[in-house]
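File shown here: protein-v7.cif, holding mmCIF, C-alpha atoms.
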```cif
data_my_file
#
loop_
_atom_site.label_atom_id
_atom_site.label_comp_id
_atom_site.auth_asym_id
_atom_site.auth_seq_id
_atom_site.Cartn_x
_atom_site.Cartn_y
_atom_site.Cartn_z
CA MET A 7 0.00 0.00 0.00
CA ASN A 8 1.36 3.43 -0.99
CA LEU A 9 1.47 5.42 2.27
CA LEU A 10 2.46 8.65 0.54
CA GLY A 11 -0.55 8.42 -1.76
CA LEU A 12 -2.90 7.80 1.15
CA ILE A 13 -1.74 10.96 2.96
CA GLY A 14 -1.82 13.08 -0.17
CA ARG A 15 1.83 13.36 -1.15
CA GLU A 16 3.95 12.23 -4.08
CA LYS A 17 7.50 12.43 -2.65
CA GLU A 18 9.26 11.76 0.63
CA LEU A 19 9.47 14.85 2.77
CA PHE A 20 13.11 14.76 3.87
CA GLN A 21 14.63 13.17 0.75
CA GLU A 22 16.74 16.22 -0.18
CA ASP A 23 18.06 16.73 3.35
CA MET A 24 18.92 13.05 3.73
CA GLU A 25 20.81 13.03 0.43
CA THR A 26 22.67 16.26 1.24
CA HIS A 27 23.87 14.94 4.60
CA ALA A 28 24.19 11.24 3.67
CA ASN A 29 27.96 11.00 4.06
CA ARG A 30 28.08 12.76 7.42
CA LEU A 31 25.22 10.61 8.73
CA LYS A 32 26.96 7.39 7.66
CA GLU A 33 30.32 8.45 9.09
CA THR A 34 28.82 9.43 12.45
CA VAL A 35 26.62 6.37 12.85
CA SER A 36 29.25 3.85 11.74
CA SER A 37 31.73 5.16 14.29
CA SER A 38 29.29 5.38 17.24
CA SER A 39 27.32 3.32 19.75
CA PHE A 40 23.59 3.80 20.34
CA LEU A 41 20.91 3.01 22.91
CA VAL A 42 17.33 3.36 21.69
CA ILE A 43 14.81 3.47 24.55
CA GLY A 44 11.24 2.64 23.55
CA GLY A 45 12.69 1.27 20.34
CA ALA A 46 9.91 -1.22 19.56
CA GLY A 47 7.14 1.32 19.02
CA SER A 48 6.41 2.60 15.53
CA ILE A 49 8.75 5.59 15.70
CA GLY A 50 11.32 3.64 17.73
CA GLN A 51 11.43 0.88 15.12
CA ALA A 52 11.79 3.44 12.34
CA VAL A 53 14.69 5.16 14.14
CA THR A 54 16.33 1.81 14.92
CA LYS A 55 16.23 0.82 11.24
CA GLU A 56 17.71 4.18 10.17
CA ILE A 57 20.61 3.61 12.58
CA PHE A 58 21.03 -0.09 11.69
CA LYS A 59 21.28 0.50 7.94
CA ARG A 60 24.32 2.78 8.57
CA ASN A 61 26.29 0.03 10.35
CA PRO A 62 26.77 1.32 13.94
CA LYS A 63 29.48 -0.06 16.22
CA LYS A 64 26.83 -0.97 18.80
CA LEU A 65 23.04 -0.73 18.75
CA HIS A 66 21.04 -1.73 21.81
CA VAL A 67 17.25 -1.44 21.88
CA VAL A 68 15.16 -1.40 25.06
CA ASP A 69 11.37 -1.66 25.18
CA ILE A 70 8.73 -2.92 27.58
CA SER A 71 7.00 -4.88 24.79
CA GLU A 72 8.60 -8.28 24.30
CA ASN A 73 6.38 -9.06 21.29
CA ASN A 74 7.21 -5.82 19.47
CA LEU A 75 10.93 -6.41 20.03
CA VAL A 76 10.61 -9.85 18.44
CA GLU A 77 8.89 -8.29 15.42
CA LEU A 78 11.57 -5.59 15.21
CA VAL A 79 14.31 -8.22 15.01
CA ARG A 80 12.39 -10.28 12.44
CA ASP A 81 11.76 -7.14 10.37
CA ILE A 82 15.40 -6.08 10.43
CA ARG A 83 16.77 -9.54 9.67
CA SER A 84 14.28 -9.95 6.81
CA SER A 85 14.92 -6.55 5.24
CA LEU A 86 18.40 -5.34 6.21
CA GLY A 87 20.17 -8.51 7.35
CA TYR A 88 23.16 -8.11 9.66
CA ILE A 89 25.82 -5.58 10.67
CA GLU A 90 29.43 -5.94 11.77
CA GLY A 91 28.65 -4.20 15.06
CA GLU A 92 26.67 -5.50 18.03
CA PHE A 93 22.87 -5.48 17.76
CA LYS A 94 20.88 -6.58 20.81
CA THR A 95 17.37 -6.04 22.20
CA PHE A 96 16.28 -6.04 25.85
CA ALA A 97 12.70 -6.39 27.13
CA LEU A 98 12.95 -3.98 30.06
CA ASP A 99 10.82 -1.38 31.83
CA ILE A 100 12.96 1.76 31.98
CA GLY A 101 11.24 2.79 35.20
CA SER A 102 12.46 -0.34 36.98
CA ASP A 103 15.51 -1.08 39.11
CA ILE A 104 16.35 -3.88 36.66
CA TYR A 105 16.84 -1.26 33.96
CA ASP A 106 18.98 0.75 36.39
CA ALA A 107 21.19 -2.31 36.86
CA PHE A 108 21.39 -2.74 33.08
CA ILE A 109 22.70 0.83 32.74
CA GLU A 110 24.99 0.61 35.79
CA ASN A 111 26.70 -2.54 34.55
CA GLY A 112 27.21 -1.30 31.01
CA GLY A 113 25.34 1.65 29.67
CA ASP A 114 28.28 3.20 27.83
CA TYR A 115 26.84 4.77 24.68
CA ASP A 116 27.74 7.73 22.49
CA TYR A 117 24.08 8.47 21.80
CA VAL A 118 20.96 7.73 23.84
CA LEU A 119 17.62 8.17 22.05
CA ASN A 120 14.46 8.11 24.15
CA LEU A 121 11.36 7.26 22.11
CA SER A 122 9.26 5.90 25.00
CA ALA A 123 6.05 7.79 25.70
CA LEU A 124 2.37 7.58 26.48
CA LYS A 125 1.26 9.35 23.33
CA HIS A 126 -2.53 9.15 23.33
CA VAL A 127 -4.75 12.09 24.19
CA ARG A 128 -7.16 9.54 25.69
CA SER A 129 -4.60 8.74 28.42
CA GLU A 130 -5.97 11.58 30.53
CA LYS A 131 -9.34 9.87 30.89
CA ASP A 132 -8.65 8.69 34.46
CA PRO A 133 -6.26 9.89 37.19
CA TYR A 134 -4.22 6.66 37.28
CA THR A 135 -3.38 6.44 33.59
CA LEU A 136 -2.70 10.18 33.72
CA MET A 137 -0.21 9.66 36.56
CA ARG A 138 1.55 6.93 34.57
CA MET A 139 1.75 9.32 31.63
CA ILE A 140 3.55 11.81 33.89
CA ASP A 141 5.86 9.05 35.08
CA VAL A 142 6.75 7.88 31.56
CA ASN A 143 6.83 11.19 29.72
CA ILE A 144 8.51 13.31 32.40
CA PHE A 145 10.16 11.43 35.26
CA ASN A 146 11.52 8.48 33.27
CA THR A 147 12.95 10.98 30.81
CA ASP A 148 14.66 12.89 33.60
CA LYS A 149 15.97 9.65 35.13
CA THR A 150 17.48 8.39 31.88
CA LEU A 151 18.94 11.86 31.32
CA ARG A 152 20.70 11.74 34.70
CA GLN A 153 22.01 8.27 33.89
CA ALA A 154 23.33 9.49 30.53
CA ILE A 155 25.10 12.37 32.27
CA ALA A 156 26.68 9.97 34.80
CA LYS A 157 27.86 7.72 31.95
CA LYS A 158 29.28 10.71 30.03
CA THR A 159 27.05 10.10 27.02
CA LYS A 160 27.88 12.43 24.13
CA LYS A 161 24.28 13.26 23.14
CA TYR A 162 20.74 12.63 24.41
CA PHE A 163 17.78 12.78 22.03
CA CYS A 164 14.18 12.76 23.19
CA VAL A 165 11.06 12.84 21.05
CA SER A 166 8.48 15.51 21.81
CA THR A 167 5.22 16.27 19.98
CA ASP A 168 3.56 19.01 17.99
CA LYS A 169 0.95 18.99 20.77
CA ALA A 170 3.54 20.54 23.13
CA ALA A 171 3.20 23.84 21.24
CA ASN A 172 0.35 25.74 22.93
CA PRO A 173 -1.04 22.49 24.42
CA VAL A 174 -4.76 21.90 24.91
CA ASN A 175 -4.52 18.36 26.32
CA MET A 176 -2.62 16.72 29.17
CA MET A 177 -0.48 14.60 26.85
CA GLY A 178 0.82 17.65 25.02
CA ALA A 179 1.24 19.51 28.30
CA SER A 180 3.23 16.62 29.79
CA LYS A 181 5.62 16.84 26.84
CA ARG A 182 5.88 20.61 27.28
CA ILE A 183 6.82 20.08 30.93
CA MET A 184 9.27 17.40 29.81
CA GLU A 185 10.93 20.03 27.60
CA MET A 186 11.36 22.21 30.71
CA PHE A 187 13.18 19.35 32.45
CA LEU A 188 15.33 18.94 29.34
CA MET A 189 16.40 22.57 29.55
CA ARG A 190 17.60 22.02 33.12
CA ARG A 191 19.73 18.99 32.20
CA SER A 192 21.05 20.68 29.03
CA LEU A 193 23.61 22.43 31.21
CA ASP A 194 25.26 19.03 31.77
CA ILE A 195 24.72 17.17 28.48
CA GLU A 196 24.02 17.95 24.82
CA ILE A 197 20.29 17.50 24.16
CA SER A 198 18.15 17.71 21.04
CA THR A 199 14.58 16.74 20.32
CA ALA A 200 11.90 16.73 17.62
CA ARG A 201 8.29 17.72 17.24
CA PHE A 202 6.52 16.20 14.26
CA ALA A 203 3.19 15.47 12.71
CA ASN A 204 1.05 12.38 13.10
CA VAL A 205 2.88 9.24 12.02
CA ALA A 206 0.67 7.49 9.48
CA PHE A 207 -0.42 3.99 10.56
CA SER A 208 1.70 4.04 13.74
CA ASP A 209 0.78 1.53 16.47
CA GLY A 210 -2.48 2.44 18.20
CA SER A 211 -3.27 5.35 15.86
CA LEU A 212 -6.62 5.76 14.17
CA LEU A 213 -5.10 4.86 10.80
CA TYR A 214 -3.52 1.73 12.31
CA GLY A 215 -7.03 0.94 13.51
CA PHE A 216 -8.26 0.93 9.89
CA ASN A 217 -6.18 -2.21 9.27
CA GLN A 218 -7.62 -3.83 12.40
CA ARG A 219 -11.21 -2.98 11.44
CA ILE A 220 -10.80 -4.55 7.99
CA GLN A 221 -9.24 -7.72 9.43
CA LYS A 222 -12.03 -7.98 12.02
CA ARG A 223 -14.80 -7.01 9.58
CA GLN A 224 -15.84 -3.92 11.52
CA PRO A 225 -16.90 -0.41 10.43
CA ILE A 226 -14.38 2.32 9.60
CA VAL A 227 -14.90 5.33 11.88
CA ALA A 228 -13.18 8.71 11.57
CA PRO A 229 -13.71 12.42 12.32
CA ASN A 230 -14.52 14.50 9.24
CA ASP A 231 -13.83 17.95 10.71
CA ILE A 232 -10.20 17.67 11.87
CA LYS A 233 -7.32 18.19 9.45
CA ARG A 234 -3.87 16.90 10.34
CA TYR A 235 -0.37 16.72 8.87
CA PHE A 236 1.08 13.24 8.46
CA VAL A 237 4.55 11.79 8.04
CA THR A 238 5.41 8.19 7.22
CA PRO A 239 7.16 5.97 9.79
CA LYS A 240 10.35 6.16 7.69
CA GLU A 241 10.19 9.98 7.71
CA SER A 242 9.74 10.00 11.50
CA GLY A 243 12.90 7.91 11.84
CA GLU A 244 14.81 10.23 9.52
CA LEU A 245 13.77 13.35 11.43
CA CYS A 246 14.82 11.81 14.75
CA LEU A 247 18.19 10.71 13.39
CA MET A 248 18.82 14.12 11.82
CA SER A 249 18.09 15.81 15.15
CA THR A 250 20.31 13.33 17.01
CA VAL A 251 23.31 13.83 14.73
CA PHE A 252 22.96 17.46 13.65
CA GLY A 253 20.97 19.09 16.44
CA GLU A 254 22.88 21.61 18.52
CA ASN A 255 22.25 21.74 22.26
CA ARG A 256 18.57 22.37 23.02
CA ASP A 257 17.50 22.35 19.35
CA ILE A 258 14.01 21.10 18.48
CA PHE A 259 13.65 19.83 14.90
CA PHE A 260 10.28 19.90 13.12
CA PRO A 261 8.99 19.40 9.56
CA LYS A 262 8.51 22.65 7.66
CA LEU A 263 4.90 23.37 6.84
CA SER A 264 4.82 23.52 3.07
CA GLU A 265 2.86 22.42 0.04
CA ALA A 266 4.73 19.11 0.32
CA LEU A 267 3.12 18.38 3.69
CA HIS A 268 -0.59 18.51 2.98
CA LEU A 269 -3.31 18.89 5.56
CA ILE A 270 -5.85 16.10 5.22
CA THR A 271 -8.79 14.83 7.26
CA PHE A 272 -8.93 11.35 8.73
CA ALA A 273 -12.14 10.76 6.75
CA GLN A 274 -10.36 11.60 3.48
CA ILE A 275 -7.62 9.09 4.29
CA ALA A 276 -10.25 6.48 5.16
CA VAL A 277 -11.89 6.92 1.75
CA ARG A 278 -8.53 6.56 -0.05
CA TYR A 279 -7.62 3.58 2.12
CA LEU A 280 -10.83 1.72 1.28
CA GLU A 281 -10.62 2.56 -2.42
CA ASN A 282 -7.04 1.26 -2.40
CA LEU A 283 -8.40 -2.05 -1.11
CA GLY A 284 -11.13 -2.09 -3.77
CA TYR A 285 -14.06 -1.05 -1.57
CA GLU A 286 -16.55 1.76 -2.03
CA PRO A 287 -17.09 3.72 1.23
CA TRP A 288 -20.73 3.53 2.39
CA LEU A 289 -21.69 6.38 4.71
CA CYS A 290 -23.80 5.44 7.75
CA GLN A 291 -25.78 7.59 10.15
CA SER A 292 -25.22 5.70 13.41
CA GLU A 293 -22.96 3.15 15.09
CA GLU A 294 -25.79 0.63 15.11
CA GLU A 295 -26.32 0.93 11.35
CA ALA A 296 -22.59 0.67 10.67
CA ARG A 297 -22.19 -2.46 12.80
CA GLU A 298 -25.21 -4.11 11.18
CA LEU A 299 -24.10 -3.40 7.60
CA THR A 300 -20.74 -5.12 8.08
CA LYS A 301 -22.71 -8.37 7.80
CA THR A 302 -23.75 -7.72 4.19
CA LEU A 303 -21.95 -4.82 2.47
CA PRO A 304 -18.39 -6.19 2.08
CA GLU A 305 -19.61 -8.92 -0.31
CA GLN A 306 -21.03 -6.11 -2.47
CA GLY A 307 -17.69 -4.33 -2.65
CA LYS A 308 -18.76 -1.67 -0.15
CA TRP A 309 -17.61 -0.90 3.41
CA PRO A 310 -19.70 0.81 6.13
CA CYS A 311 -18.20 4.08 7.38
CA LEU A 312 -19.20 6.49 10.12
CA PHE A 313 -17.72 9.98 9.70
CA THR A 314 -18.64 12.43 12.47
CA ARG A 315 -17.56 15.69 14.05
CA SER A 316 -15.07 15.45 16.92
CA ASP A 317 -16.40 16.20 20.40
CA THR A 318 -13.85 14.55 22.70
CA THR A 319 -11.54 16.03 25.32
CA GLY A 320 -8.18 17.39 24.22
CA GLU A 321 -8.66 17.54 20.45
CA LYS A 322 -6.81 20.52 19.01
CA ASP A 323 -8.51 22.41 16.19
CA PHE A 324 -5.26 22.85 14.26
CA GLU A 325 -1.63 21.71 14.37
CA GLU A 326 1.40 23.84 15.06
CA PHE A 327 5.03 22.91 15.64
CA PHE A 328 6.21 26.14 17.26
CA THR A 329 4.84 29.21 19.06
CA GLU A 330 5.23 32.89 18.25
CA ASN A 331 7.67 33.26 21.14
CA GLU A 332 10.15 30.66 19.87
CA VAL A 333 13.24 31.54 17.83
CA LEU A 334 13.47 29.66 14.52
CA ASP A 335 16.19 28.70 12.07
CA MET A 336 14.44 28.00 8.77
CA GLU A 337 17.54 28.21 6.57
CA ARG A 338 19.79 25.36 7.70
CA PHE A 339 17.79 22.54 6.08
CA GLU A 340 15.53 22.27 3.06
CA ASN A 341 12.49 20.69 4.73
CA ILE A 342 13.39 20.76 8.43
CA GLY A 343 12.91 23.76 10.68
CA VAL A 344 14.81 24.21 13.94
CA ILE A 345 13.64 25.85 17.16
CA LYS A 346 16.61 27.46 18.95
CA ASN A 347 16.41 27.44 22.75
CA GLU A 348 18.30 29.07 25.57
CA PRO A 349 18.50 27.12 28.87
CA VAL A 350 15.52 28.97 30.30
CA TYR A 351 13.66 27.21 33.10
CA ASP A 352 12.30 27.92 36.57
CA GLU A 353 14.12 25.71 39.06
CA ALA A 354 11.64 26.45 41.85
CA LEU A 355 8.73 25.51 39.58
CA LEU A 356 10.34 22.21 38.58
CA GLU A 357 11.01 21.39 42.22
CA GLU A 358 7.41 22.23 43.10
CA PHE A 359 6.22 19.87 40.37
CA GLU A 360 8.42 17.03 41.62
CA LYS A 361 7.34 17.64 45.23
CA SER A 362 3.63 17.86 44.37
CA ILE A 363 3.55 14.70 42.26
CA GLY A 364 5.67 12.87 44.85
CA GLY A 365 3.24 13.91 47.59
CA MET A 366 0.22 12.65 45.65
CA ARG A 367 1.88 9.29 45.08
CA ARG A 368 2.98 8.87 48.67
CA LYS A 369 -0.57 9.65 49.78
CA GLY A 370 -1.81 6.96 47.39
CA SER A 371 -4.72 9.04 46.19
CA TRP A 372 -5.11 11.93 43.76
CA SER A 373 -7.65 13.39 41.37
CA LYS A 374 -7.41 14.51 37.79
CA GLU A 375 -8.45 17.99 38.93
CA GLU A 376 -5.40 18.21 41.22
CA ILE A 377 -3.07 17.29 38.40
CA VAL A 378 -4.75 19.67 35.93
CA ALA A 379 -4.37 22.51 38.46
CA LEU A 380 -0.66 21.67 38.83
CA PHE A 381 -0.22 21.69 35.05
CA HIS A 382 -1.83 25.12 34.92
CA ARG A 383 0.78 26.39 37.39
CA MET A 384 3.54 24.91 35.25
CA ILE A 385 2.25 26.27 31.93
CA PRO A 386 0.80 29.81 32.06
CA GLY A 387 -2.05 30.06 29.58
CA PHE A 388 -2.51 26.28 29.34
CA ALA A 389 -5.82 26.06 27.45
CA HIS A 390 -6.96 22.62 28.60
CA LYS A 391 -9.92 21.56 26.47
CA GLU A 392 -12.25 19.47 28.63
CA THR A 393 -15.52 18.27 27.10
CA GLY A 394 -16.27 15.46 29.55
CA ARG A 395 -16.21 12.94 26.71
CA TYR A 396 -13.32 10.64 25.76
CA LEU A 397 -12.43 8.49 22.77
CA ASP A 398 -13.04 5.30 24.78
CA GLU A 399 -16.73 6.23 24.82
CA LYS A 400 -16.96 6.05 21.04
CA MET A 401 -16.66 3.26 18.48
#
```
Encoding of this model in structure tokens:
Amino acid sequence: MNLLGLIGREKELFQEDMETHANRLKETVSSSSFLVIGGAGSIGQAVTKEIFKRNPKKLHVVDISENNLVELVRDIRSSLGYIEGEFKTFALDIGSDIYDAFIENGGDYDYVLNLSALKHVRSEKDPYTLMRMIDVNIFNTDKTLRQAIAKKTKKYFCVSTDKAANPVNMMGASKRIMEMFLMRRSLDIEISTARFANVAFSDGSLLYGFNQRIQKRQPIVAPNDIKRYFVTPKESGELCLMSTVFGENRDIFFPKLSEALHLITFAQIAVRYLENLGYEPWLCQSEEEARELTKTLPEQGKWPCLFTRSDTTGEKDFEEFFTENEVLDMERFENIGVIKNEPVYDEALLEEFEKSIGGMRRKGSWSKEEIVALFHRMIPGFAHKETGRYLDEKM
């Protein structure tokens, strides 16, 4: 299936930049050792493959998902084969003391890339999942940063999100707070990061769900009022690697908004996806109708679809990769913009955040409202969009 065609593009976004810097990328990767944290997710696998194909001296991949690590290895062996350097995977939870022992008894890498995250807007639906999102997106990042500093790692890369720019949901806000923690540690280690668009057909995404719905003979559901920018998994890996190798301290890389990166609705992609499979989309008026028609329509070459307006918590009306207050370098690369940062952070505010979250956890009880109030103190002007309805309440 042609991913570029489905998201409305004809050419790869970063092709010119990758060709321009191909030699430097290969030289750097082939002479370096890498640890990829969260390397079995969609973006993590894409980054791992971009590193692997350039023959690193050492490439270790850590992820909590044993099954996804197995698939990563099978994918690499089946497509890229083998390298002269050491390639190993480890099924570990980076928040655990076992992971700490793994780093303490080795952990010597030139580059550490952290791709682990709770990335779904729906993760704020209850106070417990929300607390785990804070743990993964903020505190695990800070912990692995401190470990990288102790091990004298050359460079630390961490993935952010476009939703960290003027956030309206707790996921985006957690990544914005993570960026504040990054600024603090940037005094002790070189750090770069990336904000990018939705990764088409990444694990758990709505587009990934299209594949699952077809396999399970279920309706295709998508919002018809929200337009988003998309990159392919390969492009996400390229952007992360470019930031890792070429990012100066505190740089945030992002895809330039241009005619090459088209806005498109999820419903439009759904129509193209079904047509690519040989089905005519059949618009339904309700969930009940859509579920019922899956019993008869597919044999007629048609597939039931339910396209509706979005009304769930945390959905942003538009996408942006930077704010009006951020300093940009739009000249260095052809299709990559760079946000330039000074090490600006409020130490007292970061300490208050750590103390407040620690207190809630020691107490063993907290509410979403408490955490939202804390986020508001951390991010002046945080426009949290609460509708009282979450994606788990819809088909």
Point to revise | Residue among A:Met24, A:Leu86, A:Val67, A:Val378 lying closest to Ile363 (chain A), counting all atoms listed in the file | key: A:Val378
Using all atoms listed in the file, find each residue of region 208-238 of chain A with at least one atom at most 12 Å away from an atom of region 47-65 of chain A; report its shortest atom-to-atom pair and that distance in Å (one decimal), sort the rows by chain and rising residue number, and return the result as a tab-separated table.
```
residue	atom	partner	partner_atom	distance
A:Ser208	CA	A:Ser48	CA	5.2
A:Asp209	CA	A:Ser48	CA	5.8
A:Gly210	CA	A:Ser48	CA	9.3
A:Ser211	CA	A:Ser48	CA	10.1
A:Tyr214	CA	A:Ser48	CA	10.5
A:Val237	CA	A:Ile49	CA	10.7
A:Thr238	CA	A:Ala52	CA	9.5
```
Point to revise | Residue IDs satisfying the PyMOL selection byres ((chain A and resi 349) around 6), as number ranges by chain | key: A: 189, 348, 350
Point to revise | Best match for closeness to Met248 (chain A) among A:Ile82, A:Val68, A:Ile342, A:Ile43, counting all atoms listed in the file | key: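 Answer, going by the shortest atom-to-atom distance: A:Ile342.
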Find the residues around region 327-340 of chain A up to 12 Å (all atoms listed in the file counted), leave out those fewer than 4 positions away in its own chain, and share them as a CSV table (one decimal) with C-alpha atoms, in the coordinates of the input.
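Result file is around-v4.csv:
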```csv
chain,number,residue,atom,x,y,z
A,19,LEU,CA,9.5,14.8,2.8
A,20,PHE,CA,13.1,14.8,3.9
A,21,GLN,CA,14.6,13.2,0.8
A,22,GLU,CA,16.7,16.2,-0.2
A,23,ASP,CA,18.1,16.7,3.4
A,24,MET,CA,18.9,13.0,3.7
A,25,GLU,CA,20.8,13.0,0.4
A,26,THR,CA,22.7,16.3,1.2
A,27,HIS,CA,23.9,14.9,4.6
A,166,SER,CA,8.5,15.5,21.8
A,167,THR,CA,5.2,16.3,20.0
A,168,ASP,CA,3.6,19.0,18.0
A,169,LYS,CA,1.0,19.0,20.8
A,170,ALA,CA,3.5,20.5,23.1
A,171,ALA,CA,3.2,23.8,21.2
A,172,ASN,CA,0.4,25.7,22.9
A,173,PRO,CA,-1.0,22.5,24.4
A,178,GLY,CA,0.8,17.6,25.0
A,182,ARG,CA,5.9,20.6,27.3
A,200,ALA,CA,11.9,16.7,17.6
A,201,ARG,CA,8.3,17.7,17.2
A,202,PHE,CA,6.5,16.2,14.3
A,203,ALA,CA,3.2,15.5,12.7
A,204,ASN,CA,1.0,12.4,13.1
A,234,ARG,CA,-3.9,16.9,10.3
A,235,TYR,CA,-0.4,16.7,8.9
A,245,LEU,CA,13.8,13.4,11.4
A,248,MET,CA,18.8,14.1,11.8
A,249,SER,CA,18.1,15.8,15.2
A,252,PHE,CA,23.0,17.5,13.6
A,253,GLY,CA,21.0,19.1,16.4
A,254,GLU,CA,22.9,21.6,18.5
A,256,ARG,CA,18.6,22.4,23.0
A,257,ASP,CA,17.5,22.4,19.4
A,258,ILE,CA,14.0,21.1,18.5
A,259,PHE,CA,13.6,19.8,14.9
A,260,PHE,CA,10.3,19.9,13.1
A,261,PRO,CA,9.0,19.4,9.6
A,262,LYS,CA,8.5,22.6,7.7
A,263,LEU,CA,4.9,23.4,6.8
A,264,SER,CA,4.8,23.5,3.1
A,266,ALA,CA,4.7,19.1,0.3
A,344,VAL,CA,14.8,24.2,13.9
A,345,ILE,CA,13.6,25.8,17.2
A,346,LYS,CA,16.6,27.5,19.0
A,347,ASN,CA,16.4,27.4,22.8
A,348,GLU,CA,18.3,29.1,25.6
A,350,VAL,CA,15.5,29.0,30.3
```
**Study point:** Nearest to His390 (chain A), chosen from A:Glu241, A:Glu77, A:Asp106, A:Glu130, with all atoms listed in the file counted in the distances
**Key:**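 Comparing A:Glu241, A:Glu77, A:Asp106, A:Glu130 against His390 (chain A), the winner is A:Glu130.
Distances here use only C-alpha atoms; by that measure, the residue among A:Ala273, A:Met177, A:Met384, A:Cys290 closest to Leu136 (chain A) is A:Met177.
Of the residues under consideration (A:His382, A:Lys361, A:Lys308, A:Lys157), A:Lys157 shows the shortest atom-to-atom contact distance to Tyr115 (chain A) when counting all atoms listed in the file.
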Practice item. Please measure the separation of CA of Leu12 (chain A) and CA of Ile275 (chain A), giving the value in Å to one decimal. Key: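 Computing it gives 5.8 Å between the two atoms.
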Selection result of the PyMOL selection byres ((chain A and resi 299) around 12) on this file, as a short mmCIF file (atom, residue, chain, number, x, y, z; two decimals) with C-alpha atoms, keeping the file's coordinate frame:
```
data_model
loop_
_atom_site.label_atom_id
_atom_site.label_comp_id
_atom_site.auth_asym_id
_atom_site.auth_seq_id
_atom_site.Cartn_x
_atom_site.Cartn_y
_atom_site.Cartn_z
CA ARG A 223 -14.80 -7.01 9.58
CA GLN A 224 -15.84 -3.92 11.52
CA PRO A 225 -16.90 -0.41 10.43
CA ILE A 226 -14.38 2.32 9.60
CA PRO A 287 -17.09 3.72 1.23
CA TRP A 288 -20.73 3.53 2.39
CA LEU A 289 -21.69 6.38 4.71
CA CYS A 290 -23.80 5.44 7.75
CA GLN A 291 -25.78 7.59 10.15
CA SER A 292 -25.22 5.70 13.41
CA GLU A 293 -22.96 3.15 15.09
CA GLU A 294 -25.79 0.63 15.11
CA GLU A 295 -26.32 0.93 11.35
CA ALA A 296 -22.59 0.67 10.67
CA ARG A 297 -22.19 -2.46 12.80
CA GLU A 298 -25.21 -4.11 11.18
CA THR A 300 -20.74 -5.12 8.08
CA LYS A 301 -22.71 -8.37 7.80
CA THR A 302 -23.75 -7.72 4.19
CA LEU A 303 -21.95 -4.82 2.47
CA PRO A 304 -18.39 -6.19 2.08
CA GLU A 305 -19.61 -8.92 -0.31
CA GLN A 306 -21.03 -6.11 -2.47
CA LYS A 308 -18.76 -1.67 -0.15
CA TRP A 309 -17.61 -0.90 3.41
CA PRO A 310 -19.70 0.81 6.13
CA CYS A 311 -18.20 4.08 7.38
CA LEU A 312 -19.20 6.49 10.12
#
```
Check your understanding: What lies within 8 Å of region 143-155 of chain A using all atoms listed in the file, ignoring chain neighbours under 2 positions off, as a list in words?
Key ->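 With the cut-off at 8 Å, the set is Ile100, Gly101, Ile109, Val118, Asn120, Ser122, Ala123, Leu124, Met139, Ile140, Asp141, Lys157, Lys158, Thr159, Tyr162, Cys164, Ser180, Lys181, Ile183, Met184, Phe187, Leu188, Arg191, Asp194 and Ile195 of chain A.
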Review point. Hey, can you check how far CA of Ala97 (chain A) sits from CA of Val76 (chain A)?
Key: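 Computing the Euclidean distance for CA of Ala97 (chain A) and CA of Val76 (chain A) yields 9.6 Å.
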Exercise for review: Between CA of Ser102 (chain A) and CA of Leu78 (chain A), measure the distance and give it in Å to one decimal.
Suggested key: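 Distance reported for this atom pair: 22.4 Å.
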